[in-house]
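Participant: To be precise about what I am sending: the file is called protein27.pdb and holds PDB, C-alpha atoms and all ligand atoms.
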ATOM      1  CA  MET X   1     -23.920 -15.966  19.010  1.00  0.00           C
ATOM      2  CA  SER X   2     -26.308 -18.730  19.968  1.00  0.00           C
ATOM      3  CA  LYS X   3     -26.036 -22.432  19.313  1.00  0.00           C
ATOM      4  CA  ILE X   4     -29.343 -22.383  17.483  1.00  0.00           C
ATOM      5  CA  LEU X   5     -27.472 -21.679  14.235  1.00  0.00           C
ATOM      6  CA  PRO X   6     -26.465 -24.563  11.954  1.00  0.00           C
ATOM      7  CA  PRO X   7     -22.658 -25.062  12.032  1.00  0.00           C
ATOM      8  CA  SER X   8     -22.171 -23.940   8.409  1.00  0.00           C
ATOM      9  CA  ILE X   9     -23.795 -20.586   9.128  1.00  0.00           C
ATOM     10  CA  GLN X  10     -22.045 -20.220  12.463  1.00  0.00           C
ATOM     11  CA  SER X  11     -18.615 -20.839  10.963  1.00  0.00           C
ATOM     12  CA  LEU X  12     -19.081 -18.382   8.085  1.00  0.00           C
ATOM     13  CA  ILE X  13     -20.196 -15.708  10.556  1.00  0.00           C
ATOM     14  CA  GLU X  14     -17.034 -16.374  12.555  1.00  0.00           C
ATOM     15  CA  GLU X  15     -14.840 -16.099   9.449  1.00  0.00           C
ATOM     16  CA  PHE X  16     -16.414 -12.801   8.382  1.00  0.00           C
ATOM     17  CA  ALA X  17     -16.011 -11.451  11.909  1.00  0.00           C
ATOM     18  CA  LYS X  18     -12.222 -11.952  11.611  1.00  0.00           C
ATOM     19  CA  LEU X  19     -12.072  -9.366   8.815  1.00  0.00           C
ATOM     20  CA  PRO X  20     -11.058  -5.783   9.680  1.00  0.00           C
ATOM     21  CA  GLY X  21     -13.947  -3.435  10.353  1.00  0.00           C
ATOM     22  CA  ILE X  22     -16.514  -6.236  10.545  1.00  0.00           C
ATOM     23  CA  GLY X  23     -18.202  -6.922  13.863  1.00  0.00           C
ATOM     24  CA  PRO X  24     -20.387  -9.933  14.718  1.00  0.00           C
ATOM     25  CA  LYS X  25     -23.559  -8.104  13.640  1.00  0.00           C
ATOM     26  CA  THR X  26     -22.263  -7.267  10.160  1.00  0.00           C
ATOM     27  CA  ALA X  27     -20.794 -10.763   9.886  1.00  0.00           C
ATOM     28  CA  GLY X  28     -24.252 -12.161  10.531  1.00  0.00           C
ATOM     29  CA  ARG X  29     -25.856  -9.841   7.998  1.00  0.00           C
ATOM     30  CA  LEU X  30     -23.340 -10.793   5.311  1.00  0.00           C
ATOM     31  CA  THR X  31     -23.820 -14.494   5.965  1.00  0.00           C
ATOM     32  CA  PHE X  32     -27.593 -14.290   5.797  1.00  0.00           C
ATOM     33  CA  PHE X  33     -27.339 -12.143   2.681  1.00  0.00           C
ATOM     34  CA  LEU X  34     -25.307 -14.897   1.002  1.00  0.00           C
ATOM     35  CA  LEU X  35     -27.953 -17.419   2.043  1.00  0.00           C
ATOM     36  CA  THR X  36     -30.465 -15.610  -0.143  1.00  0.00           C
ATOM     37  CA  LYS X  37     -28.223 -16.001  -3.201  1.00  0.00           C
ATOM     38  CA  PRO X  38     -28.341 -18.870  -5.725  1.00  0.00           C
ATOM     39  CA  GLN X  39     -25.665 -21.570  -5.335  1.00  0.00           C
ATOM     40  CA  LYS X  40     -23.724 -20.371  -8.413  1.00  0.00           C
ATOM     41  CA  ASP X  41     -23.185 -16.928  -6.852  1.00  0.00           C
ATOM     42  CA  ILE X  42     -21.954 -18.540  -3.648  1.00  0.00           C
ATOM     43  CA  ASN X  43     -19.599 -20.739  -5.676  1.00  0.00           C
ATOM     44  CA  ALA X  44     -18.215 -17.683  -7.472  1.00  0.00           C
ATOM     45  CA  PHE X  45     -17.621 -15.995  -4.101  1.00  0.00           C
ATOM     46  CA  GLY X  46     -15.898 -19.076  -2.712  1.00  0.00           C
ATOM     47  CA  GLU X  47     -13.746 -19.485  -5.831  1.00  0.00           C
ATOM     48  CA  ALA X  48     -12.632 -15.865  -5.617  1.00  0.00           C
ATOM     49  CA  VAL X  49     -11.502 -16.392  -2.020  1.00  0.00           C
ATOM     50  CA  LEU X  50      -9.769 -19.706  -2.757  1.00  0.00           C
ATOM     51  CA  SER X  51      -7.834 -18.442  -5.766  1.00  0.00           C
ATOM     52  CA  LEU X  52      -6.951 -15.077  -4.179  1.00  0.00           C
ATOM     53  CA  LYS X  53      -3.243 -15.785  -3.839  1.00  0.00           C
ATOM     54  CA  GLU X  54      -2.787 -17.821  -6.991  1.00  0.00           C
ATOM     55  CA  GLY X  55      -0.020 -16.564  -9.235  1.00  0.00           C
ATOM     56  CA  LEU X  56       0.670 -13.474  -7.160  1.00  0.00           C
ATOM     57  CA  VAL X  57       4.195 -12.202  -6.628  1.00  0.00           C
ATOM     58  CA  ASN X  58       5.813  -9.165  -5.093  1.00  0.00           C
ATOM     59  CA  CYS X  59       7.412  -7.020  -7.782  1.00  0.00           C
ATOM     60  CA  GLU X  60      11.188  -7.282  -7.393  1.00  0.00           C
ATOM     61  CA  LYS X  61      11.543  -3.532  -7.937  1.00  0.00           C
ATOM     62  CA  CYS X  62       8.687  -1.794  -6.126  1.00  0.00           C
ATOM     63  CA  PHE X  63       7.372  -4.749  -4.032  1.00  0.00           C
ATOM     64  CA  ASN X  64       3.829  -4.090  -5.175  1.00  0.00           C
ATOM     65  CA  ILE X  65       1.630  -7.206  -5.396  1.00  0.00           C
ATOM     66  CA  SER X  66       1.414  -8.180  -9.024  1.00  0.00           C
ATOM     67  CA  GLN X  67       0.997 -11.046 -11.459  1.00  0.00           C
ATOM     68  CA  LYS X  68       4.470 -10.506 -12.848  1.00  0.00           C
ATOM     69  CA  SER X  69       7.807  -9.128 -11.791  1.00  0.00           C
ATOM     70  CA  PRO X  70       8.759  -6.419 -12.651  1.00  0.00           C
ATOM     71  CA  CYS X  71       5.139  -5.290 -12.359  1.00  0.00           C
ATOM     72  CA  GLU X  72       3.098  -3.358 -14.947  1.00  0.00           C
ATOM     73  CA  ILE X  73       4.135  -0.029 -13.452  1.00  0.00           C
ATOM     74  CA  CYS X  74       7.864  -0.773 -13.213  1.00  0.00           C
ATOM     75  CA  SER X  75       7.995  -2.159 -16.751  1.00  0.00           C
ATOM     76  CA  ASP X  76       6.141   0.830 -18.228  1.00  0.00           C
ATOM     77  CA  GLU X  77       8.763   2.889 -20.061  1.00  0.00           C
ATOM     78  CA  ARG X  78       6.603   6.000 -20.185  1.00  0.00           C
ATOM     79  CA  ARG X  79       6.891   6.390 -16.430  1.00  0.00           C
ATOM     80  CA  ASP X  80       8.885   9.243 -14.899  1.00  0.00           C
ATOM     81  CA  LEU X  81      11.895   7.492 -13.369  1.00  0.00           C
ATOM     82  CA  THR X  82      13.028  10.586 -11.487  1.00  0.00           C
ATOM     83  CA  LYS X  83      10.179  10.367  -8.952  1.00  0.00           C
ATOM     84  CA  ILE X  84       9.576   7.618  -6.461  1.00  0.00           C
ATOM     85  CA  MET X  85       6.530   7.447  -4.212  1.00  0.00           C
ATOM     86  CA  VAL X  86       6.984   5.607  -0.934  1.00  0.00           C
ATOM     87  CA  VAL X  87       3.793   3.991   0.407  1.00  0.00           C
ATOM     88  CA  GLU X  88       2.902   1.536   3.153  1.00  0.00           C
ATOM     89  CA  GLU X  89       0.790  -0.986   1.262  1.00  0.00           C
ATOM     90  CA  SER X  90      -0.086  -2.186  -2.220  1.00  0.00           C
ATOM     91  CA  LEU X  91      -3.582  -0.862  -1.624  1.00  0.00           C
ATOM     92  CA  ASP X  92      -2.101   2.646  -1.453  1.00  0.00           C
ATOM     93  CA  VAL X  93      -0.625   2.183  -4.941  1.00  0.00           C
ATOM     94  CA  LEU X  94      -4.117   1.370  -6.154  1.00  0.00           C
ATOM     95  CA  ALA X  95      -5.495   4.559  -4.569  1.00  0.00           C
ATOM     96  CA  LEU X  96      -2.663   6.750  -5.898  1.00  0.00           C
ATOM     97  CA  SER X  97      -2.873   5.251  -9.377  1.00  0.00           C
ATOM     98  CA  LYS X  98      -6.109   7.240  -9.752  1.00  0.00           C
ATOM     99  CA  THR X  99      -4.169  10.506  -9.402  1.00  0.00           C
ATOM    100  CA  ASN X 100      -2.023  11.974 -12.183  1.00  0.00           C
ATOM    101  CA  PHE X 101       1.211  10.759 -10.556  1.00  0.00           C
ATOM    102  CA  ASN X 102       3.342   9.170 -13.252  1.00  0.00           C
ATOM    103  CA  GLY X 103       6.472   8.148 -11.374  1.00  0.00           C
ATOM    104  CA  LEU X 104       7.434   4.894  -9.690  1.00  0.00           C
ATOM    105  CA  TYR X 105       6.425   3.390  -6.351  1.00  0.00           C
ATOM    106  CA  HIS X 106       8.124   1.716  -3.427  1.00  0.00           C
ATOM    107  CA  VAL X 107       5.905  -0.391  -1.153  1.00  0.00           C
ATOM    108  CA  LEU X 108       7.281  -0.602   2.399  1.00  0.00           C
ATOM    109  CA  GLY X 109       5.023  -3.373   3.621  1.00  0.00           C
ATOM    110  CA  GLY X 110       3.695  -1.433   6.622  1.00  0.00           C
ATOM    111  CA  ALA X 111       4.747   1.331   8.973  1.00  0.00           C
ATOM    112  CA  ILE X 112       6.978   1.586  12.020  1.00  0.00           C
ATOM    113  CA  SER X 113       4.915   0.612  15.048  1.00  0.00           C
ATOM    114  CA  PRO X 114       6.790  -0.316  18.233  1.00  0.00           C
ATOM    115  CA  ILE X 115       3.543  -1.465  19.917  1.00  0.00           C
ATOM    116  CA  ASP X 116       3.067  -4.084  17.204  1.00  0.00           C
ATOM    117  CA  GLY X 117       6.762  -4.949  17.236  1.00  0.00           C
ATOM    118  CA  ILE X 118       7.360  -3.475  13.778  1.00  0.00           C
ATOM    119  CA  GLY X 119      10.680  -1.691  13.483  1.00  0.00           C
ATOM    120  CA  PRO X 120      12.540  -0.249  10.464  1.00  0.00           C
ATOM    121  CA  ASP X 121      14.148  -3.654   9.801  1.00  0.00           C
ATOM    122  CA  ASN X 122      10.736  -5.260   9.304  1.00  0.00           C
ATOM    123  CA  LEU X 123       9.975  -2.867   6.455  1.00  0.00           C
ATOM    124  CA  ARG X 124      11.570  -2.458   3.033  1.00  0.00           C
ATOM    125  CA  ILE X 125      13.472   0.663   4.021  1.00  0.00           C
ATOM    126  CA  LYS X 126      16.892  -0.819   3.343  1.00  0.00           C
ATOM    127  CA  GLU X 127      15.701  -1.742  -0.159  1.00  0.00           C
ATOM    128  CA  LEU X 128      14.666   1.862  -0.716  1.00  0.00           C
ATOM    129  CA  LEU X 129      18.044   3.183   0.440  1.00  0.00           C
ATOM    130  CA  ASP X 130      19.783   0.611  -1.780  1.00  0.00           C
ATOM    131  CA  LYS X 131      17.754   1.892  -4.697  1.00  0.00           C
ATOM    132  CA  LEU X 132      18.919   5.441  -4.038  1.00  0.00           C
ATOM    133  CA  LYS X 133      22.488   4.257  -3.579  1.00  0.00           C
ATOM    134  CA  LYS X 134      22.488   2.326  -6.833  1.00  0.00           C
ATOM    135  CA  ASP X 135      20.844   5.192  -8.567  1.00  0.00           C
ATOM    136  CA  THR X 136      23.461   7.732  -7.584  1.00  0.00           C
ATOM    137  CA  THR X 137      26.388   5.525  -8.533  1.00  0.00           C
ATOM    138  CA  SER X 138      25.143   4.328 -11.907  1.00  0.00           C
ATOM    139  CA  GLU X 139      25.524   6.759 -14.761  1.00  0.00           C
ATOM    140  CA  LYS X 140      23.337   4.758 -17.070  1.00  0.00           C
ATOM    141  CA  THR X 141      20.064   4.982 -15.188  1.00  0.00           C
ATOM    142  CA  LYS X 142      18.173   8.207 -14.878  1.00  0.00           C
ATOM    143  CA  LYS X 143      18.719   9.700 -11.467  1.00  0.00           C
ATOM    144  CA  ILE X 144      15.959   9.715  -8.863  1.00  0.00           C
ATOM    145  CA  GLU X 145      15.365  13.384  -8.095  1.00  0.00           C
ATOM    146  CA  GLU X 146      12.474  13.202  -5.690  1.00  0.00           C
ATOM    147  CA  VAL X 147      11.356  10.793  -2.991  1.00  0.00           C
ATOM    148  CA  ILE X 148       7.725  11.440  -2.068  1.00  0.00           C
ATOM    149  CA  LEU X 149       6.855  10.083   1.352  1.00  0.00           C
ATOM    150  CA  ALA X 150       3.230   9.018   1.053  1.00  0.00           C
ATOM    151  CA  THR X 151       2.862   6.998   4.236  1.00  0.00           C
ATOM    152  CA  ASP X 152      -0.454   7.338   6.101  1.00  0.00           C
ATOM    153  CA  PRO X 153      -1.074  10.580   8.024  1.00  0.00           C
ATOM    154  CA  SER X 154      -1.111   8.576  11.262  1.00  0.00           C
ATOM    155  CA  LEU X 155       1.336   8.371  14.156  1.00  0.00           C
ATOM    156  CA  GLU X 156       2.992   5.299  12.600  1.00  0.00           C
ATOM    157  CA  GLY X 157       3.029   6.794   9.116  1.00  0.00           C
ATOM    158  CA  GLU X 158       4.624   9.999  10.389  1.00  0.00           C
ATOM    159  CA  ALA X 159       7.238   8.067  12.368  1.00  0.00           C
ATOM    160  CA  THR X 160       8.072   6.066   9.252  1.00  0.00           C
ATOM    161  CA  ALA X 161       8.337   9.155   7.054  1.00  0.00           C
ATOM    162  CA  MET X 162      10.568  10.811   9.644  1.00  0.00           C
ATOM    163  CA  TYR X 163      12.820   7.764   9.905  1.00  0.00           C
ATOM    164  CA  ILE X 164      13.250   7.433   6.128  1.00  0.00           C
ATOM    165  CA  SER X 165      13.926  11.115   5.712  1.00  0.00           C
ATOM    166  CA  LYS X 166      16.646  10.958   8.386  1.00  0.00           C
ATOM    167  CA  GLN X 167      18.215   7.895   6.779  1.00  0.00           C
ATOM    168  CA  ILE X 168      18.338   9.617   3.399  1.00  0.00           C
ATOM    169  CA  GLU X 169      19.976  12.636   5.018  1.00  0.00           C
ATOM    170  CA  LYS X 170      22.415  10.469   6.967  1.00  0.00           C
ATOM    171  CA  ASN X 171      23.516   8.678   3.807  1.00  0.00           C
ATOM    172  CA  GLY X 172      24.006  11.964   2.021  1.00  0.00           C
ATOM    173  CA  PHE X 173      21.793  11.085  -0.949  1.00  0.00           C
ATOM    174  CA  GLU X 174      21.229  14.107  -3.109  1.00  0.00           C
ATOM    175  CA  VAL X 175      17.519  13.846  -3.536  1.00  0.00           C
ATOM    176  CA  ASN X 176      14.516  16.027  -2.723  1.00  0.00           C
ATOM    177  CA  VAL X 177      12.419  14.497   0.025  1.00  0.00           C
ATOM    178  CA  THR X 178       8.793  15.619   0.063  1.00  0.00           C
ATOM    179  CA  ARG X 179       5.806  14.605   2.129  1.00  0.00           C
ATOM    180  CA  ILE X 180       2.181  14.585   1.077  1.00  0.00           C
ATOM    181  CA  ALA X 181      -0.026  15.951   3.799  1.00  0.00           C
ATOM    182  CA  ARG X 182      -2.411  18.751   2.952  1.00  0.00           C
ATOM    183  CA  GLY X 183      -6.039  17.760   2.793  1.00  0.00           C
ATOM    184  CA  LEU X 184      -5.576  14.334   4.282  1.00  0.00           C
ATOM    185  CA  PRO X 185      -7.367  13.816   7.583  1.00  0.00           C
ATOM    186  CA  VAL X 186      -4.897  13.037  10.361  1.00  0.00           C
ATOM    187  CA  GLY X 187      -5.091   9.513  11.717  1.00  0.00           C
ATOM    188  CA  SER X 188      -6.703   8.163   8.584  1.00  0.00           C
ATOM    189  CA  ASP X 189      -5.766   5.486   6.099  1.00  0.00           C
ATOM    190  CA  LEU X 190      -4.467   6.652   2.739  1.00  0.00           C
ATOM    191  CA  GLU X 191      -6.370   3.969   0.882  1.00  0.00           C
ATOM    192  CA  TYR X 192      -9.723   5.371   2.025  1.00  0.00           C
ATOM    193  CA  ALA X 193      -9.073   8.904   0.759  1.00  0.00           C
ATOM    194  CA  ASP X 194     -10.993   9.937  -2.333  1.00  0.00           C
ATOM    195  CA  GLU X 195      -8.993  10.733  -5.461  1.00  0.00           C
ATOM    196  CA  ILE X 196      -9.579  14.507  -5.326  1.00  0.00           C
ATOM    197  CA  THR X 197      -8.244  14.716  -1.771  1.00  0.00           C
ATOM    198  CA  LEU X 198      -5.344  12.489  -2.766  1.00  0.00           C
ATOM    199  CA  SER X 199      -4.544  14.571  -5.846  1.00  0.00           C
ATOM    200  CA  ARG X 200      -4.572  17.778  -3.791  1.00  0.00           C
ATOM    201  CA  ALA X 201      -2.392  16.227  -1.140  1.00  0.00           C
ATOM    202  CA  LEU X 202       0.017  15.199  -3.841  1.00  0.00           C
ATOM    203  CA  GLU X 203       0.123  18.625  -5.491  1.00  0.00           C
ATOM    204  CA  GLY X 204       0.619  20.292  -2.124  1.00  0.00           C
ATOM    205  CA  ARG X 205       3.526  18.117  -1.067  1.00  0.00           C
ATOM    206  CA  ASN X 206       6.145  19.935   0.964  1.00  0.00           C
ATOM    207  CA  LYS X 207       9.880  19.700   1.309  1.00  0.00           C
ATOM    208  CA  TYR X 208      10.466  17.268   4.156  1.00  0.00           C
TER     209      TYR X 208
HETATM  210 ZN    ZN L   1       6.963  -2.826  -9.593  1.00  0.00          ZN
END
The structure given in the file should be rewritten as structure tokens.
Facilitator:
Amino acid sequence: MSKILPPSIQSLIEEFAKLPGIGPKTAGRLTFFLLTKPQKDINAFGEAVLSLKEGLVNCEKCFNISQKSPCEICSDERRDLTKIMVVEESLDVLALSKTNFNGLYHVLGGAISPIDGIGPDNLRIKELLDKLKKDTTSEKTKKIEEVILATDPSLEGEATAMYISKQIEKNGFEVNVTRIARGLPVGSDLEYADEITLSRALEGRNKY
């Protein structure tokens, strides 16, 4: 990028370029697109960025990002408490909420990735196992019957699914462990899958 650009433009281009999937060219296009907009639109954009994290919490039960804890999903009594869907990110909950899945979620906060220094302890795997432990010892709550591993169909996602499945087995939890897979392109991100592909993958889940 040249020094011909005024600093305000230059710095916005640089900020955009820090976002995933956005190179310097796109960053430039976005910045110049905003320049064509009236000030009130730019203000609205800026406000949205500034207030992004305001009032957000992680749900104490599923760890999904929400405005309250327990979140809307966890406090919905019509939900099927016997099924729990394990996902990497909150964005995956958003994608899966478009399918007919009516159970609960558990957001891990990522996937096992030794290259990035992310091990099982950096994820909410212990919290998931605690949930299963609590569930099997309490007679009051309805028992979790199925854990659906819906981590991404990537190397990291597979490693995470494998690890969780082994931990569940090791602890002797009596629960069906299934894995969604069919129809999802390998190496992709769950959040980018369309809802038909996601629904099929969910219906075709296999014993894991
Ligand atoms: Zn929740």
Participant: Within 10 Å of ligand ZN 1 (chain L), which residues of chain X show up? Give each one with its shortest atom-to-atom distance in Å (one decimal) and the two atoms involved, counting only C-alpha atoms and all ligand atoms, rows by chain then rising residue number, as a Markdown table.
Facilitator:
| residue | atom | partner | partner_atom | distance |
| --- | --- | --- | --- | --- |
| X:Asn58 | CA | L:ZN1 | ZN | 7.9 |
| X:Cys59 | CA | L:ZN1 | ZN | 4.6 |
| X:Glu60 | CA | L:ZN1 | ZN | 6.5 |
| X:Lys61 | CA | L:ZN1 | ZN | 4.9 |
| X:Cys62 | CA | L:ZN1 | ZN | 4.0 |
| X:Phe63 | CA | L:ZN1 | ZN | 5.9 |
| X:Asn64 | CA | L:ZN1 | ZN | 5.6 |
| X:Ile65 | CA | L:ZN1 | ZN | 8.1 |
| X:Ser66 | CA | L:ZN1 | ZN | 7.7 |
| X:Lys68 | CA | L:ZN1 | ZN | 8.7 |
| X:Ser69 | CA | L:ZN1 | ZN | 6.7 |
| X:Pro70 | CA | L:ZN1 | ZN | 5.0 |
| X:Cys71 | CA | L:ZN1 | ZN | 4.1 |
| X:Glu72 | CA | L:ZN1 | ZN | 6.6 |
| X:Ile73 | CA | L:ZN1 | ZN | 5.5 |
| X:Cys74 | CA | L:ZN1 | ZN | 4.3 |
| X:Ser75 | CA | L:ZN1 | ZN | 7.3 |
| X:Asp76 | CA | L:ZN1 | ZN | 9.4 |
| X:Leu104 | CA | L:ZN1 | ZN | 7.7 |
| X:Tyr105 | CA | L:ZN1 | ZN | 7.0 |
| X:His106 | CA | L:ZN1 | ZN | 7.7 |
| X:Val107 | CA | L:ZN1 | ZN | 8.8 |
Participant: Work out how far atom CA of X:Val86 is from atom CA of X:Val57, in Å to one decimal.
Facilitator: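 Atom-to-atom, atom CA of X:Val57 to atom CA of X:Val86, that is 18.9 Å.
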Participant: Taking all listed atoms of stretch 89-97 of chain X, build the axis-aligned box, pad each of the six sides by 8 Å, then write its centre and edge lengths in Å to one decimal as lines of an AutoDock Vina configuration file.
Facilitator:
center_x = -2.4
center_y = 2.3
center_z = -4.1
size_x = 22.3
size_y = 24.9
size_z = 26.6
Participant: So which one's closest to X:Lys133, X:Ala95, X:Leu149, X:Ile118, X:Ile168? Using all atoms listed in the file, please.
Facilitator: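 For X:Lys133, the nearest of the candidates is X:Ile168.
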Participant: Excluding X:Leu34 and residues on its chain fewer than 3 positions from it, collect all residues at most 12 Å away from it, counting only C-alpha atoms, and give them as a CSV table (one decimal) with C-alpha atoms, in the frame of the given file.
Facilitator:
chain,number,residue,atom,x,y,z
X,9,ILE,CA,-23.8,-20.6,9.1
X,12,LEU,CA,-19.1,-18.4,8.1
X,13,ILE,CA,-20.2,-15.7,10.6
X,16,PHE,CA,-16.4,-12.8,8.4
X,27,ALA,CA,-20.8,-10.8,9.9
X,28,GLY,CA,-24.3,-12.2,10.5
X,29,ARG,CA,-25.9,-9.8,8.0
X,30,LEU,CA,-23.3,-10.8,5.3
X,31,THR,CA,-23.8,-14.5,6.0
X,37,LYS,CA,-28.2,-16.0,-3.2
X,38,PRO,CA,-28.3,-18.9,-5.7
X,39,GLN,CA,-25.7,-21.6,-5.3
X,40,LYS,CA,-23.7,-20.4,-8.4
X,41,ASP,CA,-23.2,-16.9,-6.9
X,42,ILE,CA,-22.0,-18.5,-3.6
X,43,ASN,CA,-19.6,-20.7,-5.7
X,44,ALA,CA,-18.2,-17.7,-7.5
X,45,PHE,CA,-17.6,-16.0,-4.1
X,46,GLY,CA,-15.9,-19.1,-2.7
Participant: Of the candidates X:Thr160, X:Lys3, X:Phe33, X:Met85, which shows the shortest atom-to-atom distance to X:Asn122, using all atoms listed in the file?
Facilitator: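 Looking at the shortest contact to X:Asn122, the residue is X:Thr160.
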Participant: Could you check how far atom CA of X:Gly103 sits from atom CA of X:Lys83, in Å to one decimal?
Facilitator: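 Distance between the two atoms: 5.0 Å.
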Participant: Show me, as a PyMOL selection string, the residues that have an atom within 10 Å of X:Tyr163 when counting all atoms listed in the file, minus same-chain residues fewer than 5 positions from it.
Facilitator: chain X and resi 112+120+125+157-158+168-169
Participant: Taking the file above as input, evaluate the PyMOL selection byres (((chain X and resi 81) around 10) and not hetatm) and report the hits as a PyMOL selection string.
Facilitator: chain X and resi 74+77-80+82-84+102-105+141-146
Participant: I need the residue nearest X:Glu174 from this list: X:Val147, X:Asp92, X:Thr197, X:Asp152. Use all atoms listed in the file for the distance.
Facilitator: X:Val147
Participant: At what distance in Å, to one decimal, does atom CA of X:Ser11 lie from atom CA of X:Glu89?
Facilitator: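 Between atom CA of X:Glu89 and atom CA of X:Ser11 the gap works out to 29.4 Å.
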Participant: Quick one: of X:Leu132, X:Leu5, X:Pro153, X:Leu56, who's nearest to X:Tyr192, counting all atoms listed in the file?
Facilitator: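 So, comparing all the options, the nearest one is X:Pro153.
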Participant: Give the answer as one residue: which of X:Ile22, X:Leu129, X:Ala48, X:Leu35 has the shortest atom-to-atom distance to X:Asn171, using all atoms listed in the file?
Facilitator: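 Between X:Ile22, X:Leu129, X:Ala48, X:Leu35, the residue approaching X:Asn171 most closely is X:Leu129.
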Participant: Point out the residue among X:Gly23, X:Leu190, X:Leu155, X:Glu15 with the least atom-to-atom distance to X:Ser90, counting all atoms listed in the file.
Facilitator: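 Of the candidates, the smallest distance to X:Ser90 is held by X:Leu190.
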Participant: Could you please give me, as a list in words, the residues of protein, DNA or RNA lying at most 10 Å from (-7.1, 7.6, -1.2) in the coordinate frame of the file, considering all atoms listed in the file?
Facilitator: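 Those residues lying close to the given coordinates are Leu91, Asp92, Val93, Leu94, Ala95, Leu96, Ser97, Lys98, Thr99, Asp152, Leu184, Ser188, Asp189, Leu190, Glu191, Tyr192, Ala193, Asp194, Glu195, Ile196, Thr197, Leu198, Ser199 and Ala201 of chain X.
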Participant: Using only C-alpha atoms, please write the residues we just selected to a file, as a compact mmCIF listing (two decimals), keeping the file's coordinate frame.
Facilitator:
# COMPACT_ATOMS: atom_id res chain seq x y z
CA LEU X 91 -3.58 -0.86 -1.62
CA ASP X 92 -2.10 2.65 -1.45
CA VAL X 93 -0.62 2.18 -4.94
CA LEU X 94 -4.12 1.37 -6.15
CA ALA X 95 -5.50 4.56 -4.57
CA LEU X 96 -2.66 6.75 -5.90
CA SER X 97 -2.87 5.25 -9.38
CA LYS X 98 -6.11 7.24 -9.75
CA THR X 99 -4.17 10.51 -9.40
CA ASP X 152 -0.45 7.34 6.10
CA LEU X 184 -5.58 14.33 4.28
CA SER X 188 -6.70 8.16 8.58
CA ASP X 189 -5.77 5.49 6.10
CA LEU X 190 -4.47 6.65 2.74
CA GLU X 191 -6.37 3.97 0.88
CA TYR X 192 -9.72 5.37 2.02
CA ALA X 193 -9.07 8.90 0.76
CA ASP X 194 -10.99 9.94 -2.33
CA GLU X 195 -8.99 10.73 -5.46
CA ILE X 196 -9.58 14.51 -5.33
CA THR X 197 -8.24 14.72 -1.77
CA LEU X 198 -5.34 12.49 -2.77
CA SER X 199 -4.54 14.57 -5.85
CA ALA X 201 -2.39 16.23 -1.14
Participant: Mind checking which residues fall within 8 Å of X:Ala150, counting all atoms listed in the file, ignoring those fewer than 4 positions away in the same chain, and posting them as a list of chain:residue names?
Facilitator: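 Non-adjacent residues within range: X:Met85, X:Val86, X:Val87, X:Glu88, X:Ala161, X:Arg179, X:Ile180.
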Participant: Some atoms are missing, so please complete stretch 9-20 of chain X with N, CA and C atoms and return it as a PDB file, keeping the file's coordinate frame.
Facilitator:
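What ended up in result_29.pdb:
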ATOM      1  N   ILE X   9     -23.516 -22.018   8.993  1.00  0.00           N
ATOM      2  CA  ILE X   9     -23.795 -20.586   9.128  1.00  0.00           C
ATOM      3  C   ILE X   9     -22.909 -19.986  10.216  1.00  0.00           C
ATOM      4  N   GLN X  10     -22.862 -20.673  11.339  1.00  0.00           N
ATOM      5  CA  GLN X  10     -22.045 -20.220  12.463  1.00  0.00           C
ATOM      6  C   GLN X  10     -20.584 -19.990  12.055  1.00  0.00           C
ATOM      7  N   SER X  11     -20.038 -20.946  11.289  1.00  0.00           N
ATOM      8  CA  SER X  11     -18.615 -20.839  10.963  1.00  0.00           C
ATOM      9  C   SER X  11     -18.363 -19.728   9.942  1.00  0.00           C
ATOM     10  N   LEU X  12     -19.283 -19.485   9.027  1.00  0.00           N
ATOM     11  CA  LEU X  12     -19.081 -18.382   8.085  1.00  0.00           C
ATOM     12  C   LEU X  12     -19.157 -17.039   8.812  1.00  0.00           C
ATOM     13  N   ILE X  13     -20.095 -16.940   9.752  1.00  0.00           N
ATOM     14  CA  ILE X  13     -20.196 -15.708  10.556  1.00  0.00           C
ATOM     15  C   ILE X  13     -18.867 -15.460  11.271  1.00  0.00           C
ATOM     16  N   GLU X  14     -18.302 -16.510  11.831  1.00  0.00           N
ATOM     17  CA  GLU X  14     -17.034 -16.374  12.555  1.00  0.00           C
ATOM     18  C   GLU X  14     -15.899 -15.933  11.627  1.00  0.00           C
ATOM     19  N   GLU X  15     -15.889 -16.477  10.409  1.00  0.00           N
ATOM     20  CA  GLU X  15     -14.840 -16.099   9.449  1.00  0.00           C
ATOM     21  C   GLU X  15     -14.972 -14.632   9.040  1.00  0.00           C
ATOM     22  N   PHE X  16     -16.185 -14.211   8.751  1.00  0.00           N
ATOM     23  CA  PHE X  16     -16.414 -12.801   8.382  1.00  0.00           C
ATOM     24  C   PHE X  16     -15.985 -11.873   9.514  1.00  0.00           C
ATOM     25  N   ALA X  17     -16.301 -12.292  10.746  1.00  0.00           N
ATOM     26  CA  ALA X  17     -16.011 -11.451  11.909  1.00  0.00           C
ATOM     27  C   ALA X  17     -14.513 -11.262  12.135  1.00  0.00           C
ATOM     28  N   LYS X  18     -13.687 -12.101  11.483  1.00  0.00           N
ATOM     29  CA  LYS X  18     -12.222 -11.952  11.611  1.00  0.00           C
ATOM     30  C   LYS X  18     -11.693 -10.835  10.719  1.00  0.00           C
ATOM     31  N   LEU X  19     -12.520 -10.395   9.758  1.00  0.00           N
ATOM     32  CA  LEU X  19     -12.072  -9.366   8.815  1.00  0.00           C
ATOM     33  C   LEU X  19     -12.061  -7.991   9.487  1.00  0.00           C
ATOM     34  N   PRO X  20     -11.133  -7.102   9.051  1.00  0.00           N
ATOM     35  CA  PRO X  20     -11.058  -5.783   9.680  1.00  0.00           C
ATOM     36  C   PRO X  20     -12.329  -4.972   9.438  1.00  0.00           C
TER      37      PRO X  20
END
